[in-house]
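**Student:** File my_file-v4.cif below, mmCIF, C-alpha atoms:
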data_target
#
loop_
_atom_site.label_atom_id
_atom_site.label_comp_id
_atom_site.auth_asym_id
_atom_site.auth_seq_id
_atom_site.Cartn_x
_atom_site.Cartn_y
_atom_site.Cartn_z
CA MET A 1 104.67 118.30 125.98
CA THR A 2 105.80 121.93 125.73
CA GLU A 3 104.13 124.49 123.52
CA LEU A 4 106.99 124.29 121.05
CA GLU A 5 106.69 120.49 120.74
CA LYS A 6 102.94 120.76 120.32
CA TYR A 7 103.36 123.48 117.70
CA ILE A 8 105.81 121.39 115.67
CA ALA A 9 103.77 118.18 116.00
CA ASP A 10 100.56 119.96 114.98
CA ASN A 11 102.22 121.46 111.92
CA LYS A 12 104.34 118.53 110.81
CA ASP A 13 102.59 118.47 107.43
CA GLN A 14 104.04 121.90 106.72
CA LEU A 15 107.54 120.55 107.26
CA GLU A 16 107.24 117.76 104.71
CA PRO A 17 108.37 117.92 101.07
CA SER A 18 105.52 119.49 99.12
CA ALA A 19 105.16 116.67 96.57
CA VAL A 20 106.61 113.31 95.67
CA ASN A 21 108.53 113.15 92.41
CA PRO A 22 106.28 111.28 89.91
CA LYS A 23 109.36 109.52 88.50
CA ILE A 24 109.50 107.41 91.67
CA TRP A 25 106.19 105.68 90.95
CA LEU A 26 107.13 105.18 87.29
CA ALA A 27 110.34 103.46 88.37
CA ILE A 28 108.45 101.26 90.85
CA GLU A 29 105.78 100.37 88.28
CA ASN A 30 108.43 99.54 85.71
CA GLU A 31 110.24 97.25 88.15
CA VAL A 32 107.00 95.52 89.21
CA LEU A 33 106.01 94.94 85.57
CA LYS A 34 109.45 93.55 84.76
CA SER A 35 109.28 91.07 87.62
CA LYS A 36 105.71 90.14 86.62
CA GLU A 37 106.96 89.49 83.10
CA ARG A 38 109.78 87.29 84.39
CA ARG A 39 107.32 85.29 86.50
CA LYS A 40 104.87 84.99 83.62
CA SER A 41 107.49 83.73 81.22
CA LEU A 42 108.55 81.10 83.76
CA TYR A 43 104.90 80.08 84.18
CA LEU A 44 104.43 79.82 80.42
CA LYS A 45 107.52 77.63 80.18
CA ILE A 46 106.09 75.32 82.85
CA VAL A 47 102.71 75.21 81.07
CA SER A 48 104.43 74.44 77.74
CA VAL A 49 106.44 71.61 79.27
CA ALA A 50 103.30 70.24 80.94
CA ALA A 51 101.45 70.44 77.60
CA VAL A 52 104.18 68.49 75.82
CA VAL A 53 104.17 65.85 78.56
CA LEU A 54 100.36 65.57 78.37
CA LEU A 55 100.43 65.30 74.61
CA GLY A 56 103.02 62.54 74.90
CA ALA A 57 100.84 60.78 77.45
CA PHE A 58 97.80 61.01 75.14
CA ILE A 59 99.70 59.53 72.23
CA PHE A 60 101.14 56.77 74.39
CA ARG A 61 97.73 56.00 75.79
CA GLY A 62 96.21 56.03 72.29
CA GLN A 63 98.63 53.36 71.12
CA TRP A 64 97.97 51.02 74.01
CA PHE A 65 94.37 51.66 74.89
CA ASN A 66 92.43 48.84 73.26
CA GLN A 67 89.45 48.09 75.41
CA SER A 68 86.06 49.66 75.37
CA SER A 69 85.82 52.05 78.27
CA ARG A 70 83.03 53.20 80.50
CA ILE A 71 83.56 56.70 79.08
CA GLU A 72 82.89 55.51 75.56
CA LYS A 73 79.57 54.02 76.64
CA GLU A 74 78.74 57.18 78.50
CA LEU A 75 79.44 59.27 75.45
CA ILE A 76 77.44 57.13 73.09
CA GLU A 77 74.59 56.14 75.34
CA VAL A 78 74.09 59.29 77.37
CA TYR A 79 75.34 62.18 75.30
CA GLY A 80 75.75 60.73 71.86
CA PHE A 81 79.05 61.12 70.07
CA GLN A 82 78.46 64.81 69.51
CA SER A 83 78.36 65.33 73.26
CA HIS A 84 75.80 67.99 72.51
CA GLN A 85 74.99 68.70 76.16
CA PHE A 86 78.59 69.53 76.92
CA ALA A 87 78.84 71.55 73.74
CA GLN A 88 75.77 73.50 74.80
CA ARG A 89 77.25 74.23 78.21
CA VAL A 90 80.49 75.45 76.64
CA HIS A 91 78.51 77.59 74.23
CA ASN A 92 76.45 79.18 77.04
CA ARG A 93 79.54 80.03 79.07
CA LYS A 94 81.35 81.48 76.08
CA ARG A 95 78.35 83.65 75.29
CA THR A 96 78.33 85.05 78.85
CA LEU A 97 82.09 85.61 78.85
CA SER A 98 82.05 87.36 75.50
CA LYS A 99 79.86 90.06 77.03
CA ALA A 100 82.09 90.59 80.12
CA LYS A 101 84.31 93.67 80.33
CA ILE A 102 87.42 94.27 82.43
CA PRO A 103 89.90 97.18 82.77
CA SER A 104 92.37 97.06 79.87
CA LYS A 105 95.42 96.85 82.17
CA GLN A 106 94.11 93.61 83.66
CA VAL A 107 93.90 91.79 80.31
CA GLU A 108 97.50 90.59 80.56
CA ASP A 109 96.66 88.81 83.83
CA PHE A 110 94.38 86.52 81.80
CA GLU A 111 97.06 85.63 79.29
CA VAL A 112 97.94 82.28 80.87
CA LEU A 113 94.28 81.22 81.16
CA LEU A 114 93.63 82.22 77.55
CA GLN A 115 96.75 80.32 76.53
CA GLN A 116 95.37 77.20 78.21
CA LEU A 117 92.04 77.73 76.43
CA LYS A 118 93.85 77.97 73.11
CA TYR A 119 95.82 74.83 73.88
CA LEU A 120 92.60 72.93 74.68
CA ASP A 121 90.99 74.03 71.42
CA GLU A 122 94.05 72.94 69.47
CA GLN A 123 93.84 69.55 71.16
CA TYR A 124 90.16 69.30 70.20
CA LEU A 125 91.06 69.82 66.55
CA VAL A 126 93.73 67.12 66.83
CA TYR A 127 91.09 64.66 68.16
CA LEU A 128 88.64 65.48 65.37
CA LYS A 129 91.33 65.02 62.78
CA TYR A 130 92.22 61.66 64.30
CA VAL A 131 88.60 60.50 64.13
CA GLU A 132 88.40 61.70 60.54
CA ASP A 133 91.53 59.80 59.56
CA ASN A 134 91.17 56.64 61.65
CA GLY A 135 87.53 56.38 62.58
CA TYR A 136 86.15 56.56 66.09
CA GLN A 137 88.11 54.80 68.80
CA SER A 138 87.42 54.48 72.48
CA PHE A 139 90.35 56.56 73.76
CA ILE A 140 89.31 59.47 71.56
CA GLY A 141 85.84 59.39 73.14
CA ASP A 142 87.54 59.56 76.51
CA GLN A 143 89.66 62.53 75.45
CA LEU A 144 86.70 64.38 73.94
CA LEU A 145 84.77 64.04 77.15
CA ASN A 146 87.81 65.26 79.10
CA TYR A 147 88.17 68.13 76.68
CA TYR A 148 84.65 69.36 77.40
CA ARG A 149 85.06 68.97 81.14
CA SER A 150 88.40 70.83 81.14
CA LYS A 151 87.01 73.55 78.94
CA ILE A 152 83.95 74.09 81.15
CA ASP A 153 86.21 74.23 84.25
CA LEU A 154 88.53 76.69 82.55
CA LEU A 155 85.69 78.95 81.37
CA ASP A 156 84.26 78.90 84.90
CA ARG A 157 87.66 79.86 86.28
CA ILE A 158 87.96 82.75 83.83
CA GLN A 159 84.50 83.92 84.87
CA GLN A 160 85.54 83.81 88.54
CA GLU A 161 88.69 85.85 87.80
CA ILE A 162 86.61 88.41 85.89
CA ASN A 163 84.24 88.68 88.85
CA LYS A 164 87.19 89.21 91.21
CA VAL A 165 88.80 91.86 89.01
CA ASN A 166 85.53 93.74 88.65
CA TYR A 167 84.85 93.52 92.37
CA TYR A 168 88.19 95.20 93.13
CA GLU A 169 87.74 97.61 90.24
CA HIS A 170 84.48 98.68 91.84
CA LYS A 171 86.26 99.16 95.20
CA PHE A 172 89.34 100.94 93.80
CA PRO A 173 88.38 102.37 90.41
CA SER A 174 91.40 102.59 88.11
CA ASN A 175 89.53 104.52 85.37
CA ASP A 176 91.15 102.25 82.76
CA LYS A 177 89.27 101.61 79.53
CA GLN A 178 86.88 98.64 79.81
CA VAL A 179 87.56 95.92 77.24
CA GLY A 180 86.34 92.41 76.48
CA LEU A 181 88.45 89.25 76.47
CA PRO A 182 89.19 87.41 73.20
CA ILE A 183 87.21 84.28 74.09
CA MET J 184 88.40 103.81 110.83
CA ARG J 185 86.82 100.38 110.38
CA HIS J 186 86.09 101.24 106.76
CA PHE J 187 89.69 102.29 106.19
CA GLU J 188 90.95 99.04 107.74
CA ASN J 189 88.69 97.00 105.47
CA GLU J 190 89.91 98.89 102.43
CA LEU J 191 93.49 98.37 103.56
CA ILE J 192 93.02 94.62 104.04
CA LEU J 193 91.44 94.37 100.58
CA ALA J 194 94.27 96.36 99.01
CA VAL J 195 96.91 94.19 100.70
CA SER J 196 95.21 91.01 99.51
CA ARG J 197 95.24 92.41 95.98
CA ILE J 198 98.94 93.22 96.29
CA ARG J 199 99.53 89.60 97.22
CA ARG J 200 98.03 88.79 93.81
CA LYS J 201 100.44 91.34 92.27
CA ASP J 202 97.65 93.74 91.33
CA ILE J 203 99.36 96.94 90.25
CA SER J 204 96.34 99.22 90.75
CA ALA J 205 96.24 98.23 94.44
CA MET J 206 99.97 98.94 94.68
CA ARG J 207 99.32 102.35 93.17
CA ALA J 208 96.50 103.03 95.64
CA LEU J 209 98.73 102.29 98.64
CA TYR J 210 101.61 104.21 97.11
CA GLU J 211 99.35 107.26 96.77
CA ARG J 212 98.23 106.79 100.34
CA TYR J 213 101.67 106.48 101.96
CA SER J 214 104.40 107.88 99.69
CA LYS J 215 104.38 111.48 100.93
CA GLU J 216 104.48 110.48 104.59
CA MET J 217 107.25 107.94 103.98
CA LEU J 218 109.33 110.41 101.96
CA ALA J 219 109.02 112.91 104.80
CA THR J 220 110.09 110.30 107.36
CA SER J 221 113.13 109.32 105.32
CA TYR J 222 114.05 112.92 104.54
CA ARG J 223 113.98 113.86 108.21
CA ILE J 224 116.44 111.07 108.95
CA THR J 225 118.81 111.46 106.00
CA ASN J 226 118.52 115.20 105.34
CA ASP J 227 119.02 114.29 101.68
CA LEU J 228 115.99 114.56 99.39
CA GLN J 229 117.55 112.73 96.44
CA GLY J 230 118.73 109.90 98.68
CA SER J 231 115.31 109.71 100.32
CA GLU J 232 113.63 109.38 96.94
CA ASP J 233 115.85 106.37 96.18
CA ILE J 234 115.04 104.92 99.59
CA LEU J 235 111.31 105.45 98.99
CA GLN J 236 111.51 103.54 95.72
CA GLU J 237 113.47 100.66 97.26
CA ALA J 238 111.21 100.51 100.30
CA PHE J 239 107.99 100.30 98.27
CA LEU J 240 109.45 97.65 95.98
CA ASP J 241 110.58 95.62 99.00
CA ALA J 242 107.18 96.03 100.62
CA PHE J 243 105.39 94.86 97.44
CA GLN J 244 107.72 91.94 96.80
CA LYS J 245 107.93 90.76 100.42
CA ILE J 246 104.26 91.30 101.20
CA ASP J 247 103.99 87.74 102.50
CA GLN J 248 106.21 88.73 105.42
CA LEU J 249 103.54 91.16 106.64
CA LYS J 250 101.85 89.46 109.59
CA ASP J 251 98.96 91.84 110.25
CA ASP J 252 97.44 93.42 107.13
CA CYS J 253 95.98 96.30 109.17
CA LYS J 254 99.54 97.31 110.13
CA TYR J 255 100.74 97.82 106.56
CA GLY J 256 101.57 101.49 107.22
CA ASP J 257 103.63 100.73 110.37
CA TRP J 258 105.43 97.89 108.60
CA LEU J 259 106.24 100.07 105.60
CA LYS J 260 107.46 102.88 107.84
CA ARG J 261 109.78 100.47 109.64
CA ILE J 262 111.25 99.44 106.26
CA VAL J 263 111.73 103.10 105.29
CA ILE J 264 113.35 103.96 108.62
CA ASN J 265 115.70 100.96 108.52
CA LYS J 266 116.76 101.77 104.98
CA SER J 267 117.23 105.44 105.83
CA LEU J 268 119.32 104.61 108.88
CA SER J 269 121.43 102.13 106.91
CA SER J 270 122.14 104.77 104.30
CA ILE J 271 123.59 107.15 106.87
CA LYS J 272 125.10 104.67 109.30
CA ARG J 273 128.64 105.71 108.55
CA ARG J 274 128.08 109.34 109.34
CA MET J 275 125.71 108.90 112.29
CA HIS J 276 127.09 109.81 115.68
CA PHE J 277 125.71 111.13 118.91
CA LYS J 278 127.29 114.03 120.60
CA GLU J 279 127.59 113.33 124.30
CA VAL J 280 125.14 115.48 126.18
CA GLU J 281 124.26 115.82 129.80
CA LEU J 282 121.23 113.90 130.90
CA ALA J 283 119.68 116.82 132.74
CA ILE J 284 119.30 119.46 130.10
CA ASP J 285 117.12 122.26 131.27
CA VAL J 286 114.04 122.52 129.07
CA PRO J 287 111.57 125.15 130.23
CA GLN J 288 108.05 123.76 130.47
CA GLU J 289 106.13 126.98 130.95
CA ASP J 290 106.10 130.58 129.86
CA GLU J 291 107.52 129.51 126.56
CA ILE J 292 107.57 132.11 123.80
CA LEU J 293 106.56 130.38 120.61
CA PRO J 294 108.62 131.34 117.61
CA LEU J 295 105.49 132.05 115.58
CA ALA J 296 107.21 134.87 113.74
CA CYS J 297 109.32 132.26 111.93
CA SER J 298 108.00 130.70 108.77
CA PHE J 299 107.63 126.96 108.39
CA ALA J 300 110.54 127.11 105.97
CA ASP J 301 112.71 128.61 108.74
CA LEU J 302 111.48 125.97 111.16
CA GLN J 303 112.29 123.21 108.67
CA LYS J 304 115.75 124.68 108.08
CA VAL J 305 116.46 124.85 111.79
CA ILE J 306 115.39 121.21 112.25
CA GLN J 307 117.59 120.16 109.33
CA GLU J 308 120.54 121.94 110.87
CA LEU J 309 120.31 119.94 114.11
CA PRO J 310 123.22 117.53 114.63
CA GLU J 311 122.44 114.23 112.95
CA GLY J 312 121.92 111.91 115.93
CA CYS J 313 119.71 114.22 117.91
CA ARG J 314 117.76 115.23 114.80
CA GLN J 315 116.88 111.58 114.20
CA VAL J 316 115.77 111.04 117.76
CA PHE J 317 113.77 114.26 117.63
CA SER J 318 112.04 113.33 114.35
CA LEU J 319 111.30 109.77 115.33
CA TYR J 320 109.91 110.74 118.72
CA LEU J 321 107.92 113.88 117.95
CA LEU J 322 106.97 113.52 114.29
CA ASP J 323 106.86 109.75 113.76
CA GLU J 324 105.51 109.11 117.26
CA TYR J 325 107.92 106.34 118.19
CA ARG J 326 108.61 105.72 121.88
CA HIS J 327 112.09 106.14 123.33
CA LYS J 328 112.33 102.38 123.83
CA GLU J 329 111.63 101.77 120.12
CA ILE J 330 114.04 104.53 119.08
CA ALA J 331 116.73 103.05 121.30
CA GLU J 332 116.31 99.69 119.54
CA LEU J 333 116.30 101.26 116.08
CA LEU J 334 119.37 103.41 116.66
CA ASN J 335 121.14 100.88 118.86
CA ILE J 336 121.48 103.32 121.77
CA SER J 337 120.21 103.29 125.33
CA VAL J 338 116.81 104.66 126.29
CA SER J 339 118.44 107.35 128.43
CA THR J 340 120.60 108.43 125.46
CA SER J 341 117.47 108.70 123.35
CA LYS J 342 115.80 110.86 125.99
CA SER J 343 118.79 113.10 126.50
CA GLN J 344 119.30 113.54 122.75
CA TYR J 345 115.68 114.54 122.43
CA ARG J 346 115.98 117.14 125.15
CA TYR J 347 119.21 118.38 123.62
CA ALA J 348 117.46 118.74 120.24
CA LEU J 349 114.66 120.74 121.85
CA LYS J 350 117.12 123.05 123.54
CA LEU J 351 119.06 123.65 120.33
CA LEU J 352 115.83 124.24 118.43
CA ARG J 353 114.59 126.76 120.92
CA ASP J 354 117.90 128.62 120.92
CA LYS J 355 118.16 128.67 117.14
CA LEU J 356 114.56 129.69 116.62
CA THR J 357 114.89 132.51 119.09
CA ARG J 358 117.96 133.74 117.22
CA GLU J 359 116.29 133.37 113.80
CA CYS J 360 113.21 135.23 114.94
CA ASN J 361 115.17 138.05 116.47
CA ASP J 362 117.28 138.56 113.34
#
Produce structure tokens that represent the structure in this file.
**Tutor:**
Amino acid sequence: MTELEKYIADNKDQLEPSAVNPKIWLAIENEVLKSKERRKSLYLKIVSVAAVVLLGAFIFRGQWFNQSSRIEKELIEVYGFQSHQFAQRVHNRKRTLSKAKIPSKQVEDFEVLLQQLKYLDEQYLVYLKYVEDNGYQSFIGDQLLNYYRSKIDLLDRIQQEINKVNYYEHKFPSNDKQVGLPI
Amino acid sequence: MRHFENELILAVSRIRRKDISAMRALYERYSKEMLATSYRITNDLQGSEDILQEAFLDAFQKIDQLKDDCKYGDWLKRIVINKSLSSIKRRMHFKEVELAIDVPQEDEILPLACSFADLQKVIQELPEGCRQVFSLYLLDEYRHKEIAELLNISVSTSKSQYRYALKLLRDKLTRECND
């Protein structure tokens, strides 16, 4: 390598554009957010369709389910109809999650999980209303037990996602405002 | 170095999950270098800014095509270079030069009297083909074999274009500094 080559290579930083136009990042960010939005809306559509199918399946099962199930016995004998142990577990997890904070820009990443949580709670109200109107039936016991299991799984998953987000936030601080999730 | 690699692997894994703050972190890390690489090839700042935007978007959206997370920078640079070369393909040509161009190795008088702005101007004024070979070899540290593949030329053409660029640079710098 000649002196001239060495001189140019050593000073290549001086030959670069002094700064990158900030508009470039804004355009990239905008494009990424748009594609995220498109993906999210597709995901929500899939979740909605799945919810309708599930609801249909529940109703269908409710009409044809006429024998006492193992689940019913489990509910009555082990947990009692109130399923108070499950309820307690849900309550404990919700209390922990309500104290968790994440960067505000990450909240939208939880939208689908929160949507599922909302859907589960709506289903729960539907089951209670059914019991109120028609009295307790075995398939409702089954669904209530499933509700608690699904809810505990979902809350655990949200907790895991929060842990992940905060782990990366610690590694690459974004300085975004810390906010709680509407659990 | 190990620490940087770990950070890079973490950032890439976050980009796979479409985490925008990780994208921002890698953009901050690489954008200036990539803009410079593109600008040296195209000689067009506005065009290079468009290429930078397209290249980062491609790199974020096609992140699953990256085989080795530690090589994110090399992979991104290859995207930038390919896009830059595509943008100028129509006007790219290589002037035929003799293989044995005399480049003095010793007793060289450095053109230190010239400013970096003058040096940059002189590099920009090099003929397109040899400027690209010169930039890729000396500033982006590609080997002649890699440059030959990128530009679809022979290795000997890459070498001779590089030597031709050096000769032109030296001549022009000497003139600039004497003026």
**Student:** Between CA of Arg199 in chain J and CA of Gln229 in chain J, what distance in Å does the model show, to one decimal?
**Tutor:** 29.3 Å
**Student:** Written as a ChimeraX atom specification, what is the full residue list that the PyMOL selection byres ((chain J and resi 233-246) around 7) yields on the file shown?
**Tutor:** /A:24,28 /J:198-199,217-218,229-232,247-249,259,262-263,266-267
**Student:** For the provided coordinates, the residues matched by the PyMOL selection byres ((chain A) within 8 of (chain J)) should be stated as a PyMOL selection string.
**Tutor:** chain A and resi 1-5+9+12+14-17+19-21+24-25+27-29+31-32+36+172+174
**Student:** Output the residue selection produced by the PyMOL selection byres ((chain A and resi 117) around 12) on the file above, formatted as a PDB file with C-alpha atoms, in the coordinates of the input.
**Tutor:**
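Output saved as out-v2.pdb:
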ATOM      1  CA  VAL A  47     102.710  75.210  81.070  1.00  0.00           C
ATOM      2  CA  ALA A  51     101.450  70.440  77.600  1.00  0.00           C
ATOM      3  CA  VAL A  90      80.490  75.450  76.640  1.00  0.00           C
ATOM      4  CA  LYS A  94      81.350  81.480  76.080  1.00  0.00           C
ATOM      5  CA  PHE A 110      94.380  86.520  81.800  1.00  0.00           C
ATOM      6  CA  GLU A 111      97.060  85.630  79.290  1.00  0.00           C
ATOM      7  CA  VAL A 112      97.940  82.280  80.870  1.00  0.00           C
ATOM      8  CA  LEU A 113      94.280  81.220  81.160  1.00  0.00           C
ATOM      9  CA  LEU A 114      93.630  82.220  77.550  1.00  0.00           C
ATOM     10  CA  GLN A 115      96.750  80.320  76.530  1.00  0.00           C
ATOM     11  CA  GLN A 116      95.370  77.200  78.210  1.00  0.00           C
ATOM     12  CA  LYS A 118      93.850  77.970  73.110  1.00  0.00           C
ATOM     13  CA  TYR A 119      95.820  74.830  73.880  1.00  0.00           C
ATOM     14  CA  LEU A 120      92.600  72.930  74.680  1.00  0.00           C
ATOM     15  CA  ASP A 121      90.990  74.030  71.420  1.00  0.00           C
ATOM     16  CA  GLU A 122      94.050  72.940  69.470  1.00  0.00           C
ATOM     17  CA  GLN A 123      93.840  69.550  71.160  1.00  0.00           C
ATOM     18  CA  TYR A 124      90.160  69.300  70.200  1.00  0.00           C
ATOM     19  CA  TYR A 147      88.170  68.130  76.680  1.00  0.00           C
ATOM     20  CA  TYR A 148      84.650  69.360  77.400  1.00  0.00           C
ATOM     21  CA  SER A 150      88.400  70.830  81.140  1.00  0.00           C
ATOM     22  CA  LYS A 151      87.010  73.550  78.940  1.00  0.00           C
ATOM     23  CA  ILE A 152      83.950  74.090  81.150  1.00  0.00           C
ATOM     24  CA  ASP A 153      86.210  74.230  84.250  1.00  0.00           C
ATOM     25  CA  LEU A 154      88.530  76.690  82.550  1.00  0.00           C
ATOM     26  CA  LEU A 155      85.690  78.950  81.370  1.00  0.00           C
ATOM     27  CA  ASP A 156      84.260  78.900  84.900  1.00  0.00           C
ATOM     28  CA  ARG A 157      87.660  79.860  86.280  1.00  0.00           C
ATOM     29  CA  ILE A 158      87.960  82.750  83.830  1.00  0.00           C
ATOM     30  CA  PRO A 182      89.190  87.410  73.200  1.00  0.00           C
ATOM     31  CA  ILE A 183      87.210  84.280  74.090  1.00  0.00           C
TER      32      ILE A 183
END
**Student:** Please determine, counting all atoms listed in the file, which residue among J:Glu308, J:Arg200, J:Glu359, J:Val195 has the shortest atom-to-atom distance to Gln106 in chain A.
**Tutor:**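 The answer is J:Arg200, which sits nearest to Gln106 in chain A.
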**Student:** Which value, in Å to one decimal, gives the distance between CA of Gly56 in chain A and CA of Val126 in chain A?
**Tutor:**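 Answer for the CA of Gly56 in chain A to CA of Val126 in chain A separation: 13.1 Å.
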**Student:** CA of Glu329 in chain J and CA of Ile8 in chain A are how many Å apart?
**Tutor:**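 It comes out at 20.9 Å.
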**Student:** Is it possible to add all heavy atoms to range 84-92 of chain A and hand it back as a PDB file, in the coordinates of the input?
**Tutor:**
ATOM      1  N   HIS A  84      76.446  66.704  72.735  1.00  0.00           N
ATOM      2  CA  HIS A  84      75.800  67.990  72.510  1.00  0.00           C
ATOM      3  C   HIS A  84      75.476  68.741  73.811  1.00  0.00           C
ATOM      4  O   HIS A  84      75.463  69.956  73.846  1.00  0.00           O
ATOM      5  CB  HIS A  84      74.532  67.809  71.673  1.00  0.00           C
ATOM      6  CG  HIS A  84      73.499  66.981  72.366  1.00  0.00           C
ATOM      7  ND1 HIS A  84      73.512  65.614  72.306  1.00  0.00           N
ATOM      8  CD2 HIS A  84      72.452  67.336  73.143  1.00  0.00           C
ATOM      9  CE1 HIS A  84      72.488  65.155  73.013  1.00  0.00           C
ATOM     10  NE2 HIS A  84      71.841  66.176  73.528  1.00  0.00           N
ATOM     11  N   GLN A  85      75.282  67.984  74.913  1.00  0.00           N
ATOM     12  CA  GLN A  85      74.990  68.700  76.160  1.00  0.00           C
ATOM     13  C   GLN A  85      76.211  69.479  76.656  1.00  0.00           C
ATOM     14  O   GLN A  85      76.097  70.597  77.121  1.00  0.00           O
ATOM     15  CB  GLN A  85      74.499  67.731  77.226  1.00  0.00           C
ATOM     16  CG  GLN A  85      73.120  67.214  76.902  1.00  0.00           C
ATOM     17  CD  GLN A  85      72.506  66.480  78.070  1.00  0.00           C
ATOM     18  OE1 GLN A  85      73.108  66.387  79.127  1.00  0.00           O
ATOM     19  NE2 GLN A  85      71.321  65.968  77.869  1.00  0.00           N
ATOM     20  N   PHE A  86      77.373  68.826  76.528  1.00  0.00           N
ATOM     21  CA  PHE A  86      78.590  69.530  76.920  1.00  0.00           C
ATOM     22  C   PHE A  86      78.824  70.721  76.003  1.00  0.00           C
ATOM     23  O   PHE A  86      79.175  71.810  76.444  1.00  0.00           O
ATOM     24  CB  PHE A  86      79.809  68.590  76.837  1.00  0.00           C
ATOM     25  CG  PHE A  86      79.938  67.689  78.024  1.00  0.00           C
ATOM     26  CD1 PHE A  86      79.711  66.338  77.920  1.00  0.00           C
ATOM     27  CD2 PHE A  86      80.301  68.224  79.256  1.00  0.00           C
ATOM     28  CE1 PHE A  86      79.851  65.522  79.029  1.00  0.00           C
ATOM     29  CE2 PHE A  86      80.445  67.403  80.363  1.00  0.00           C
ATOM     30  CZ  PHE A  86      80.208  66.042  80.249  1.00  0.00           C
ATOM     31  N   ALA A  87      78.629  70.482  74.720  1.00  0.00           N
ATOM     32  CA  ALA A  87      78.840  71.550  73.740  1.00  0.00           C
ATOM     33  C   ALA A  87      77.939  72.745  74.060  1.00  0.00           C
ATOM     34  O   ALA A  87      78.355  73.900  73.972  1.00  0.00           O
ATOM     35  CB  ALA A  87      78.576  71.039  72.339  1.00  0.00           C
ATOM     36  N   GLN A  88      76.706  72.436  74.472  1.00  0.00           N
ATOM     37  CA  GLN A  88      75.770  73.500  74.800  1.00  0.00           C
ATOM     38  C   GLN A  88      76.242  74.289  76.021  1.00  0.00           C
ATOM     39  O   GLN A  88      76.180  75.518  76.059  1.00  0.00           O
ATOM     40  CB  GLN A  88      74.379  72.891  75.064  1.00  0.00           C
ATOM     41  CG  GLN A  88      73.259  73.918  75.238  1.00  0.00           C
ATOM     42  CD  GLN A  88      73.092  74.775  73.987  1.00  0.00           C
ATOM     43  OE1 GLN A  88      73.156  74.294  72.863  1.00  0.00           O
ATOM     44  NE2 GLN A  88      72.920  76.080  74.186  1.00  0.00           N
ATOM     45  N   ARG A  89      76.758  73.559  77.002  1.00  0.00           N
ATOM     46  CA  ARG A  89      77.250  74.230  78.210  1.00  0.00           C
ATOM     47  C   ARG A  89      78.437  75.145  77.884  1.00  0.00           C
ATOM     48  O   ARG A  89      78.529  76.261  78.368  1.00  0.00           O
ATOM     49  CB  ARG A  89      77.697  73.197  79.255  1.00  0.00           C
ATOM     50  CG  ARG A  89      76.534  72.540  79.949  1.00  0.00           C
ATOM     51  CD  ARG A  89      77.070  71.758  81.115  1.00  0.00           C
ATOM     52  NE  ARG A  89      76.446  70.458  81.182  1.00  0.00           N
ATOM     53  CZ  ARG A  89      76.844  69.469  81.974  1.00  0.00           C
ATOM     54  NH1 ARG A  89      77.875  69.637  82.757  1.00  0.00           N
ATOM     55  NH2 ARG A  89      76.215  68.328  82.009  1.00  0.00           N
ATOM     56  N   VAL A  90      79.341  74.639  77.054  1.00  0.00           N
ATOM     57  CA  VAL A  90      80.490  75.450  76.640  1.00  0.00           C
ATOM     58  C   VAL A  90      79.989  76.692  75.911  1.00  0.00           C
ATOM     59  O   VAL A  90      80.425  77.818  76.183  1.00  0.00           O
ATOM     60  CB  VAL A  90      81.442  74.641  75.721  1.00  0.00           C
ATOM     61  CG1 VAL A  90      82.462  75.550  75.051  1.00  0.00           C
ATOM     62  CG2 VAL A  90      82.160  73.566  76.523  1.00  0.00           C
ATOM     63  N   HIS A  91      79.044  76.482  75.017  1.00  0.00           N
ATOM     64  CA  HIS A  91      78.510  77.590  74.230  1.00  0.00           C
ATOM     65  C   HIS A  91      77.884  78.665  75.138  1.00  0.00           C
ATOM     66  O   HIS A  91      78.129  79.858  74.968  1.00  0.00           O
ATOM     67  CB  HIS A  91      77.457  77.053  73.242  1.00  0.00           C
ATOM     68  CG  HIS A  91      76.774  78.139  72.467  1.00  0.00           C
ATOM     69  ND1 HIS A  91      77.420  78.841  71.477  1.00  0.00           N
ATOM     70  CD2 HIS A  91      75.524  78.662  72.571  1.00  0.00           C
ATOM     71  CE1 HIS A  91      76.588  79.749  70.988  1.00  0.00           C
ATOM     72  NE2 HIS A  91      75.440  79.665  71.631  1.00  0.00           N
ATOM     73  N   ASN A  92      77.097  78.220  76.128  1.00  0.00           N
ATOM     74  CA  ASN A  92      76.450  79.180  77.040  1.00  0.00           C
ATOM     75  C   ASN A  92      77.476  79.994  77.817  1.00  0.00           C
ATOM     76  O   ASN A  92      77.339  81.204  77.969  1.00  0.00           O
ATOM     77  CB  ASN A  92      75.557  78.435  78.042  1.00  0.00           C
ATOM     78  CG  ASN A  92      74.342  77.849  77.366  1.00  0.00           C
ATOM     79  OD1 ASN A  92      74.017  78.224  76.229  1.00  0.00           O
ATOM     80  ND2 ASN A  92      73.677  76.913  78.025  1.00  0.00           N
TER      81      ASN A  92
END
